[in-house]
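**Student:** The file below is target26.tsv, TSV, C-alpha atoms:
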chain	number	residue	atom	x	y	z
C	224	MET	CA	4.57	-19.48	26.26
C	225	ILE	CA	6.66	-18.50	23.27
C	226	GLY	CA	7.36	-22.14	22.39
C	227	LEU	CA	10.15	-23.69	20.37
C	228	ARG	CA	9.76	-21.31	17.45
C	229	GLY	CA	10.16	-18.35	19.79
C	230	VAL	CA	13.27	-19.90	21.37
C	231	VAL	CA	14.82	-20.46	17.96
C	232	LEU	CA	13.92	-16.95	16.83
C	233	GLY	CA	15.27	-15.50	20.05
C	234	THR	CA	18.57	-17.22	19.34
C	235	LEU	CA	18.47	-16.06	15.74
C	236	VAL	CA	18.24	-12.40	16.70
C	237	ALA	CA	20.88	-12.89	19.39
C	238	LEU	CA	18.79	-11.53	22.18
C	239	VAL	CA	18.75	-12.91	25.69
C	240	ALA	CA	15.34	-12.37	27.29
C	241	GLY	CA	15.59	-9.43	29.63
C	242	GLY	CA	17.60	-7.35	27.19
C	243	ALA	CA	21.11	-8.12	28.40
C	244	GLN	CA	22.38	-8.46	24.84
C	245	ALA	CA	21.79	-6.25	21.80
C	246	ALA	CA	19.63	-7.47	18.93
C	247	ASN	CA	20.18	-7.01	15.22
C	248	TRP	CA	17.14	-7.40	12.99
C	249	ASP	CA	17.16	-7.66	9.21
C	250	MET	CA	14.12	-5.95	7.67
C	251	PRO	CA	13.21	-6.75	4.05
C	252	THR	CA	11.34	-4.12	2.03
C	253	PRO	CA	10.27	-4.30	-1.63
C	254	TYR	CA	11.22	-0.82	-2.82
C	255	PRO	CA	14.50	1.00	-3.66
C	256	ASP	CA	16.31	3.38	-1.33
C	257	SER	CA	14.97	6.42	-3.20
C	258	ASN	CA	11.32	5.46	-2.59
C	259	PHE	CA	9.57	7.54	0.08
C	260	HIS	CA	8.41	4.38	1.88
C	261	THR	CA	12.00	3.14	2.20
C	262	ILE	CA	13.25	6.56	3.32
C	263	ASN	CA	10.58	6.55	6.03
C	264	ILE	CA	11.48	3.03	7.17
C	265	LYS	CA	15.17	3.88	7.40
C	266	GLN	CA	14.24	6.79	9.66
C	267	PHE	CA	12.12	4.36	11.71
C	268	ALA	CA	15.17	2.11	12.10
C	269	ASP	CA	17.31	5.08	13.19
C	270	ASP	CA	14.65	6.12	15.71
C	271	VAL	CA	14.50	2.61	17.19
C	272	LYS	CA	18.28	2.47	17.59
C	273	ALA	CA	18.38	5.89	19.27
C	274	ALA	CA	15.40	5.30	21.57
C	275	SER	CA	16.58	1.84	22.61
C	276	GLY	CA	20.08	3.06	23.38
C	277	GLY	CA	21.46	0.68	20.76
C	278	LYS	CA	19.74	-2.39	22.22
C	279	LEU	CA	17.99	-2.96	18.89
C	280	GLU	CA	19.45	-2.23	15.48
C	281	ILE	CA	17.32	-2.74	12.37
C	282	SER	CA	19.13	-3.26	9.08
C	283	VAL	CA	16.84	-2.33	6.16
C	284	LYS	CA	17.26	-4.64	3.16
C	285	SER	CA	15.63	-2.65	0.36
C	286	ALA	CA	14.52	-3.42	-3.21
C	287	GLY	CA	13.74	-7.06	-2.47
C	288	SER	CA	17.44	-7.75	-2.01
C	289	LEU	CA	16.92	-10.15	0.90
C	290	ILE	CA	13.41	-11.51	0.31
C	291	LYS	CA	11.13	-10.92	-2.67
C	292	HIS	CA	7.95	-8.94	-2.13
C	293	PRO	CA	5.36	-11.78	-2.29
C	294	GLU	CA	7.34	-13.79	0.27
C	295	ILE	CA	7.96	-11.12	2.93
C	296	LYS	CA	4.85	-11.68	5.06
C	297	ASN	CA	5.39	-15.43	5.35
C	298	ALA	CA	9.10	-14.89	6.04
C	299	VAL	CA	8.19	-12.74	9.06
C	300	ARG	CA	5.48	-15.16	10.14
C	301	GLY	CA	7.84	-18.13	9.96
C	302	GLY	CA	10.69	-16.40	11.80
C	303	GLN	CA	13.04	-16.22	8.83
C	304	VAL	CA	13.21	-12.47	9.58
C	305	PRO	CA	11.74	-10.63	12.59
C	306	ILE	CA	10.17	-7.68	10.74
C	307	GLY	CA	9.15	-6.67	7.22
C	308	GLU	CA	7.15	-4.35	4.94
C	309	PHE	CA	4.76	-5.26	2.12
C	310	LEU	CA	1.71	-4.04	0.22
C	311	LEU	CA	-1.30	-5.00	2.32
C	312	SER	CA	-3.65	-5.67	-0.60
C	313	LEU	CA	-1.13	-8.17	-1.95
C	314	LEU	CA	-2.78	-10.57	0.53
C	315	ALA	CA	-6.30	-10.10	-0.89
C	316	ASN	CA	-6.65	-13.76	-1.83
C	317	GLU	CA	-5.85	-14.70	1.76
C	318	ASN	CA	-8.40	-12.38	3.39
C	319	ALA	CA	-10.66	-9.79	1.77
C	320	LEU	CA	-10.12	-7.47	4.75
C	321	PHE	CA	-6.58	-6.90	3.53
C	322	GLU	CA	-7.81	-5.24	0.32
C	323	ALA	CA	-10.34	-2.82	1.81
C	324	ASP	CA	-8.03	0.08	0.97
C	325	SER	CA	-8.01	-0.99	-2.69
C	326	VAL	CA	-11.77	-1.06	-3.23
C	327	PRO	CA	-12.15	1.57	-5.98
C	328	PHE	CA	-13.85	4.87	-5.06
C	329	LEU	CA	-14.61	3.77	-1.48
C	330	ALA	CA	-12.08	6.16	0.10
C	331	ASN	CA	-10.99	8.73	-2.47
C	332	ASN	CA	-8.91	11.25	-0.55
C	333	TYR	CA	-6.37	11.20	2.30
C	334	ASP	CA	-8.87	12.06	5.03
C	335	ALA	CA	-11.21	9.29	3.91
C	336	ALA	CA	-8.28	6.87	3.57
C	337	LEU	CA	-7.21	7.59	7.15
C	338	LYS	CA	-10.75	7.05	8.40
C	339	LEU	CA	-10.89	3.78	6.48
C	340	TRP	CA	-7.58	2.66	8.03
C	341	GLN	CA	-8.92	3.43	11.50
C	342	ALA	CA	-11.90	1.16	10.76
C	343	GLN	CA	-9.77	-1.48	9.05
C	344	LYS	CA	-6.87	-1.60	11.52
C	345	PRO	CA	-8.51	-3.52	14.44
C	346	LEU	CA	-9.72	-6.22	12.04
C	347	VAL	CA	-6.34	-6.44	10.32
C	348	GLU	CA	-4.59	-6.64	13.70
C	349	LYS	CA	-6.92	-9.47	14.74
C	350	ALA	CA	-6.31	-11.38	11.51
C	351	PHE	CA	-2.53	-10.99	11.74
C	352	ALA	CA	-2.52	-11.90	15.45
C	353	LYS	CA	-3.76	-15.37	14.45
C	354	GLN	CA	-0.56	-15.65	12.41
C	355	ASN	CA	1.64	-14.48	15.30
C	356	LEU	CA	2.19	-11.09	13.68
C	357	ILE	CA	1.91	-7.63	15.26
C	358	VAL	CA	0.98	-4.60	13.15
C	359	LEU	CA	3.35	-1.68	13.70
C	360	PHE	CA	2.24	0.91	11.13
C	361	ALA	CA	0.83	1.49	7.66
C	362	VAL	CA	1.49	4.21	5.07
C	363	PRO	CA	-0.50	4.89	1.87
C	364	TRP	CA	0.70	5.29	-1.67
C	365	PRO	CA	-0.41	8.35	-3.62
C	366	PRO	CA	-4.01	8.06	-4.87
C	367	GLN	CA	-4.80	6.46	-8.22
C	368	GLY	CA	-5.87	8.61	-11.17
C	369	ILE	CA	-6.93	8.08	-14.79
C	370	TYR	CA	-4.46	8.61	-17.65
C	371	SER	CA	-5.93	9.00	-21.12
C	372	LYS	CA	-4.89	9.86	-24.65
C	373	LYS	CA	-8.10	11.85	-25.15
C	374	PRO	CA	-10.37	14.03	-22.96
C	375	LEU	CA	-12.83	12.25	-20.66
C	376	ASN	CA	-15.89	14.34	-19.82
C	377	SER	CA	-18.33	11.56	-18.95
C	378	MET	CA	-18.49	7.79	-18.72
C	379	ASP	CA	-19.60	7.73	-22.37
C	380	ASP	CA	-16.05	8.76	-23.30
C	381	LEU	CA	-14.71	5.56	-21.74
C	382	LYS	CA	-16.98	3.28	-23.74
C	383	GLY	CA	-14.95	1.08	-26.07
C	384	LEU	CA	-11.60	2.51	-24.91
C	385	LYS	CA	-8.82	-0.03	-24.51
C	386	PHE	CA	-8.20	0.24	-20.76
C	387	ARG	CA	-5.11	-1.23	-19.12
C	388	ALA	CA	-6.11	-3.94	-16.63
C	389	TYR	CA	-3.34	-5.33	-14.42
C	390	ASN	CA	-5.44	-7.03	-11.71
C	391	THR	CA	-9.02	-8.10	-11.03
C	392	ALA	CA	-10.04	-4.66	-9.70
C	393	THR	CA	-8.86	-2.72	-12.75
C	394	GLN	CA	-10.41	-5.33	-15.02
C	395	ARG	CA	-13.73	-4.91	-13.20
C	396	ILE	CA	-13.52	-1.09	-13.45
C	397	ALA	CA	-13.03	-1.41	-17.21
C	398	GLN	CA	-15.98	-3.78	-17.50
C	399	LEU	CA	-18.32	-1.53	-15.51
C	400	ALA	CA	-17.19	1.50	-17.53
C	401	HIS	CA	-17.91	-0.44	-20.75
C	402	ALA	CA	-14.26	-0.07	-21.71
C	403	VAL	CA	-12.18	-2.92	-23.11
C	404	PRO	CA	-9.93	-4.44	-20.40
C	405	THR	CA	-6.47	-5.02	-21.86
C	406	GLN	CA	-3.72	-6.76	-19.92
C	407	ILE	CA	-0.45	-4.88	-20.29
C	408	GLU	CA	2.61	-5.42	-18.07
C	409	ALA	CA	4.16	-2.34	-16.45
C	410	ALA	CA	7.29	-2.53	-18.60
C	411	ASP	CA	5.16	-2.50	-21.77
C	412	VAL	CA	2.93	0.49	-20.94
C	413	ALA	CA	4.73	3.08	-23.09
C	414	PRO	CA	4.93	0.99	-26.27
C	415	ALA	CA	1.35	-0.22	-25.74
C	416	PHE	CA	0.08	3.38	-25.73
C	417	ALA	CA	2.33	4.28	-28.67
C	418	THR	CA	0.95	1.46	-30.80
C	419	GLY	CA	-2.67	1.94	-29.72
C	420	ARG	CA	-2.96	-1.36	-27.86
C	421	VAL	CA	-4.13	0.63	-24.84
C	422	GLU	CA	-5.69	4.11	-24.61
C	423	ALA	CA	-6.29	4.68	-20.89
C	424	MET	CA	-5.09	3.39	-17.55
C	425	ILE	CA	-5.40	3.99	-13.83
C	426	THR	CA	-2.32	4.45	-11.66
C	427	SER	CA	-0.68	6.98	-9.32
C	428	PRO	CA	1.05	10.25	-10.25
C	429	SER	CA	4.25	8.65	-8.96
C	430	THR	CA	4.07	5.89	-11.55
C	431	GLY	CA	3.09	8.40	-14.22
C	432	ALA	CA	6.09	10.59	-13.45
C	433	ASP	CA	8.49	7.65	-13.14
C	434	THR	CA	7.40	6.22	-16.52
C	435	LYS	CA	7.30	9.65	-18.26
C	436	ALA	CA	3.60	9.37	-19.06
C	437	TRP	CA	3.73	12.64	-21.03
C	438	ASP	CA	5.52	10.72	-23.78
C	439	TYR	CA	2.41	8.67	-24.50
C	440	VAL	CA	-0.71	10.37	-22.97
C	441	SER	CA	-1.95	13.94	-22.64
C	442	TYR	CA	-4.52	13.84	-19.83
C	443	TYR	CA	-4.44	12.93	-16.15
C	444	TYR	CA	-7.67	13.00	-14.12
C	445	ASN	CA	-7.28	13.29	-10.36
C	446	THR	CA	-9.94	10.72	-9.47
C	447	GLN	CA	-8.13	9.54	-6.30
C	448	ALA	CA	-9.76	6.18	-6.91
C	449	TRP	CA	-8.05	4.46	-3.99
C	450	LEU	CA	-5.00	4.81	-1.74
C	451	PRO	CA	-3.40	1.38	-1.21
C	452	LYS	CA	-1.18	0.99	1.86
C	453	ASN	CA	2.10	-0.64	2.71
C	454	ILE	CA	2.15	-2.25	6.15
C	455	VAL	CA	4.96	-3.10	8.56
C	456	VAL	CA	4.58	-6.14	10.81
C	457	VAL	CA	6.80	-7.80	13.39
C	458	ASN	CA	6.97	-11.43	14.50
C	459	LYS	CA	5.23	-11.77	17.87
C	460	ALA	CA	7.96	-13.99	19.35
C	461	ALA	CA	10.71	-11.60	18.27
C	462	PHE	CA	8.87	-8.69	19.82
C	463	ALA	CA	8.19	-10.64	23.04
C	464	ALA	CA	11.92	-11.36	23.37
C	465	LEU	CA	12.67	-7.65	23.69
C	466	ASP	CA	12.74	-6.01	27.09
C	467	LYS	CA	9.87	-3.66	27.89
C	468	ALA	CA	11.84	-0.48	27.27
C	469	THR	CA	12.93	-1.67	23.84
C	470	GLN	CA	9.39	-2.74	23.00
C	471	ASN	CA	8.22	0.76	23.85
C	472	ALA	CA	11.00	2.22	21.70
C	473	VAL	CA	9.72	0.18	18.73
C	474	LEU	CA	6.08	1.16	19.31
C	475	ASP	CA	6.90	4.85	19.76
C	476	ALA	CA	9.04	4.88	16.61
C	477	ALA	CA	6.21	3.13	14.73
C	478	LYS	CA	3.72	5.85	15.70
C	479	LYS	CA	6.12	8.51	14.46
C	480	ALA	CA	6.75	6.57	11.24
C	481	GLU	CA	3.04	6.30	10.47
C	482	THR	CA	2.46	10.04	10.99
C	483	ARG	CA	5.59	10.95	9.03
C	484	GLY	CA	4.76	8.45	6.27
C	485	TRP	CA	1.27	9.83	5.63
C	486	ALA	CA	2.73	13.33	5.35
C	487	ALA	CA	5.45	12.04	3.00
C	488	SER	CA	2.81	10.38	0.81
C	489	LYS	CA	0.97	13.69	0.45
C	490	GLU	CA	4.26	15.41	-0.43
C	491	GLU	CA	5.01	12.68	-2.99
C	492	THR	CA	1.59	13.19	-4.58
C	493	ALA	CA	2.08	16.95	-4.90
C	494	LYS	CA	5.65	16.62	-6.17
C	495	LYS	CA	4.91	13.97	-8.80
C	496	THR	CA	1.72	15.71	-9.95
C	497	LYS	CA	3.81	18.85	-10.54
C	498	VAL	CA	6.22	16.79	-12.63
C	499	LEU	CA	3.29	15.80	-14.87
C	500	VAL	CA	2.25	19.45	-15.22
C	501	ASP	CA	5.80	20.66	-15.82
C	502	ASN	CA	6.13	18.21	-18.69
C	503	GLY	CA	3.04	19.44	-20.45
C	504	MET	CA	0.32	17.08	-19.30
C	505	LYS	CA	-3.17	18.41	-18.67
C	506	VAL	CA	-3.86	17.57	-15.01
C	507	LEU	CA	-7.59	17.94	-14.40
C	508	GLU	CA	-10.25	17.32	-11.81
C	509	PRO	CA	-12.93	14.95	-13.12
C	510	SER	CA	-16.21	16.54	-14.23
C	511	ASP	CA	-19.35	16.07	-12.16
C	512	LYS	CA	-20.61	13.56	-14.74
C	513	LEU	CA	-17.36	11.59	-14.56
C	514	LYS	CA	-17.40	11.68	-10.75
C	515	ALA	CA	-20.97	10.40	-10.69
C	516	GLY	CA	-20.11	7.58	-13.06
C	517	PHE	CA	-17.12	6.48	-11.02
C	518	ALA	CA	-19.16	6.77	-7.81
C	519	ALA	CA	-21.66	4.31	-9.29
C	520	ILE	CA	-18.84	1.92	-10.17
C	521	GLY	CA	-17.51	2.31	-6.63
C	522	LYS	CA	-20.90	1.50	-5.14
C	523	THR	CA	-21.14	-1.69	-7.20
C	524	MET	CA	-17.59	-2.82	-6.41
C	525	THR	CA	-17.97	-2.00	-2.69
C	526	ALA	CA	-21.08	-4.18	-2.54
C	527	GLU	CA	-19.24	-6.98	-4.32
C	528	TRP	CA	-16.32	-6.68	-1.89
C	529	ALA	CA	-18.62	-6.64	1.16
C	530	LYS	CA	-20.27	-9.85	0.00
C	531	LYS	CA	-16.86	-11.48	-0.33
C	532	ALA	CA	-15.62	-10.12	3.01
C	533	GLY	CA	-18.71	-11.29	4.94
C	534	ALA	CA	-19.54	-10.12	8.46
C	535	ASP	CA	-16.13	-8.54	9.03
C	536	GLY	CA	-16.51	-6.55	5.83
C	537	GLU	CA	-19.91	-5.27	6.88
C	538	ALA	CA	-18.52	-4.32	10.30
C	539	LEU	CA	-15.65	-2.44	8.65
C	540	LEU	CA	-17.97	-0.50	6.34
C	541	LYS	CA	-20.29	0.34	9.23
C	542	ALA	CA	-17.39	1.69	11.29
C	543	TYR	CA	-16.02	3.62	8.30
C	544	ARG	CA	-19.38	5.23	7.47
C	545	LYS	CA	-20.21	6.14	11.06
What's the structure tokens form of this structure?
**Tutor:**
Amino acid sequence: MIGLRGVVLGTLVALVAGGAQAANWDMPTPYPDSNFHTINIKQFADDVKAASGGKLEISVKSAGSLIKHPEIKNAVRGGQVPIGEFLLSLLANENALFEADSVPFLANNYDAALKLWQAQKPLVEKAFAKQNLIVLFAVPWPPQGIYSKKPLNSMDDLKGLKFRAYNTATQRIAQLAHAVPTQIEAADVAPAFATGRVEAMITSPSTGADTKAWDYVSYYYNTQAWLPKNIVVVNKAAFAALDKATQNAVLDAAKKAETRGWAASKEETAKKTKVLVDNGMKVLEPSDKLKAGFAAIGKTMTAEWAKKAGADGEALLKAYRK
């Protein structure tokens, strides 16, 4: 039984059950058209239209133009829109399972991140199913690295450094590294470094390239601290209103989008890291001492996350480490 909400949503998307009439879905996304996530999603929409023979057209509303990022999940859940994309860890306060991919130094390369997603996905699907949402696919951002004004050879070099903290995880990293967590908004990063209010930060090569990090720091350490993912979900009632062939078209396009998106993320990482190098930054692998120090921080923060996540968190870690 789809119920009243499903009937209303079915009317909203102009789809008669059985597929006699074409559907048009608006899909909100948070990022601009030039972002690799948005490019991938637009290809997903094109694939759905082609595979469904035009029975389903998805109109991508990028850059938060239709619905702002923090509101996208609930908009899909409530039937305001049938489908949407958002950063999975944005829902950490709702369920700790949603932030498993943002636990620092738990999965610190693409292969490990994929293995973590395979362990995380069934639990995420189960949690979203309770909210009448179906997971279609997920794609990671480039991995997070350390930017610094001075060389970092061991954890001792982080002691006392003013370290940008923009959420609870980065604040905790700073605390465990005996750095000084300093809250700086993204728009203020460059002047904060220039004036000495902050001396190090952790973010992706994409953000570093986009904000011209070479203007205010000299070193980038490829720690690959975590690879947070964007996720695409669809309203269960909207999906159920599609005929079987169109449902299959959506699912097949989603599989292709996930594979293509992971490859695009790797390409983005390589491209933006090269931009850092080309503009004179020293892009370095962390020393063994630095790796060991961050591994210890990761062990502590993973244990803290597992305690918060409870039995599901333990099951996820067990599956990931198998």
**Student:** Under the rule that only C-alpha atoms are counted, which of C:Phe309, C:Trp364, C:Gly516, C:Met524 is the nearest residue to C:Glu490?
**Tutor:** C:Trp364
**Student:** Which polymer residues have any atom within 12 Å of an atom of C:Ala538, counting all atoms listed in the file, with same-chain residues fewer than 3 positions away left out, as a VMD selection string?
**Tutor:** chain C and resid 320 323 339 342 to 343 345 to 346 529 to 530 532 to 535 541 to 545
**Student:** Of the candidates C:Leu499, C:Ala388, C:Leu381, C:Ala464, which one gets nearest to C:Ala409 if we count only C-alpha atoms?
**Tutor:**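 Of the candidates, the smallest distance to C:Ala409 is held by C:Ala388.
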**Student:** Please report as a Markdown table every residue of stretch 412-480 of chain C lying within 10 Å of stretch 247-260 of chain C, along with the nearest atom pair and their distance in Å (one decimal), using only C-alpha atoms.
**Tutor:**
| residue | atom | partner | partner_atom | distance |
| --- | --- | --- | --- | --- |
| C:Asn453 | CA | C:His260 | CA | 8.1 |
| C:Val455 | CA | C:Thr252 | CA | 9.2 |
| C:Val457 | CA | C:Met250 | CA | 9.5 |
| C:Ala461 | CA | C:Trp248 | CA | 9.3 |
| C:Ala480 | CA | C:His260 | CA | 9.8 |
**Student:** Using all atoms listed in the file, which of the listed residues (C:Ala460, C:Leu539, C:Ile454, C:Ala493) sits closest to C:Leu314?
**Tutor:** C:Ile454
**Student:** Of the residues C:Ala415, C:Asn263, C:Thr393, C:Ala350, which is the one nearest to C:Ala319, using all atoms listed in the file?
**Tutor:**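 Among the listed residues, the smallest separation from C:Ala319 belongs to C:Ala350.
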**Student:** Neighbourhood query: residues within 9 Å of (-11.4, 0.2, -23.3), file coordinates, counting all atoms listed in the file; return as a PyMOL selection string.
**Tutor:** chain C and resi 381-387+397-398+400-405+421-423
**Student:** Rank nothing, just name the residue among C:Asn445, C:Gln406, C:Thr261, C:Thr469 nearest to C:Gln394, using only C-alpha atoms.
**Tutor:** C:Gln406
**Student:** Applying 8 Å and only C-alpha atoms, which residues near C:Thr446 remain after dropping the ones on its own chain fewer than 5 positions away? List them as an MDAnalysis selection string.
**Tutor:** chainID C and resid 331 366:369 508:509 514
**Student:** From the list C:Leu540, C:Ala273, C:Phe517, C:Thr492, which residue is nearest C:Asp379 when using all atoms listed in the file?
**Tutor:**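 Nearest candidate to C:Asp379 out of C:Leu540, C:Ala273, C:Phe517, C:Thr492: C:Phe517.
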**Student:** Do you have the atom CA of C:Thr523-atom CA of C:Asn318 distance handy?
**Tutor:**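 Spanning atom CA of C:Thr523 to atom CA of C:Asn318 is a straight-line distance of 19.7 Å.
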**Student:** So what do you get for atom CA of C:Ser371 versus atom CA of C:Met424, distance-wise?
**Tutor:** 6.7 Å
**Student:** Quick one: pull the distance between atom CA of C:Leu313 and atom CA of C:Tyr370, Å, one decimal.
**Tutor:**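 These atoms are spaced 23.2 Å apart.
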**Student:** Neighbouring residues of C:Leu279 were defined as those with any atom within 7 Å, considering only C-alpha atoms; residues of the same chain fewer than 6 positions away were excluded. Please report them as a count of residues only.
**Tutor:** 5
**Student:** So that I can see what lies close to C:Tyr442, please list as JSON, numbers by chain the residues with an atom at most 7 Å from it, counting only C-alpha atoms and leaving out residues fewer than 2 positions away in the same chain.
**Tutor:** {"C": [370, 371, 372, 373, 374, 440, 444, 504, 505, 506]}
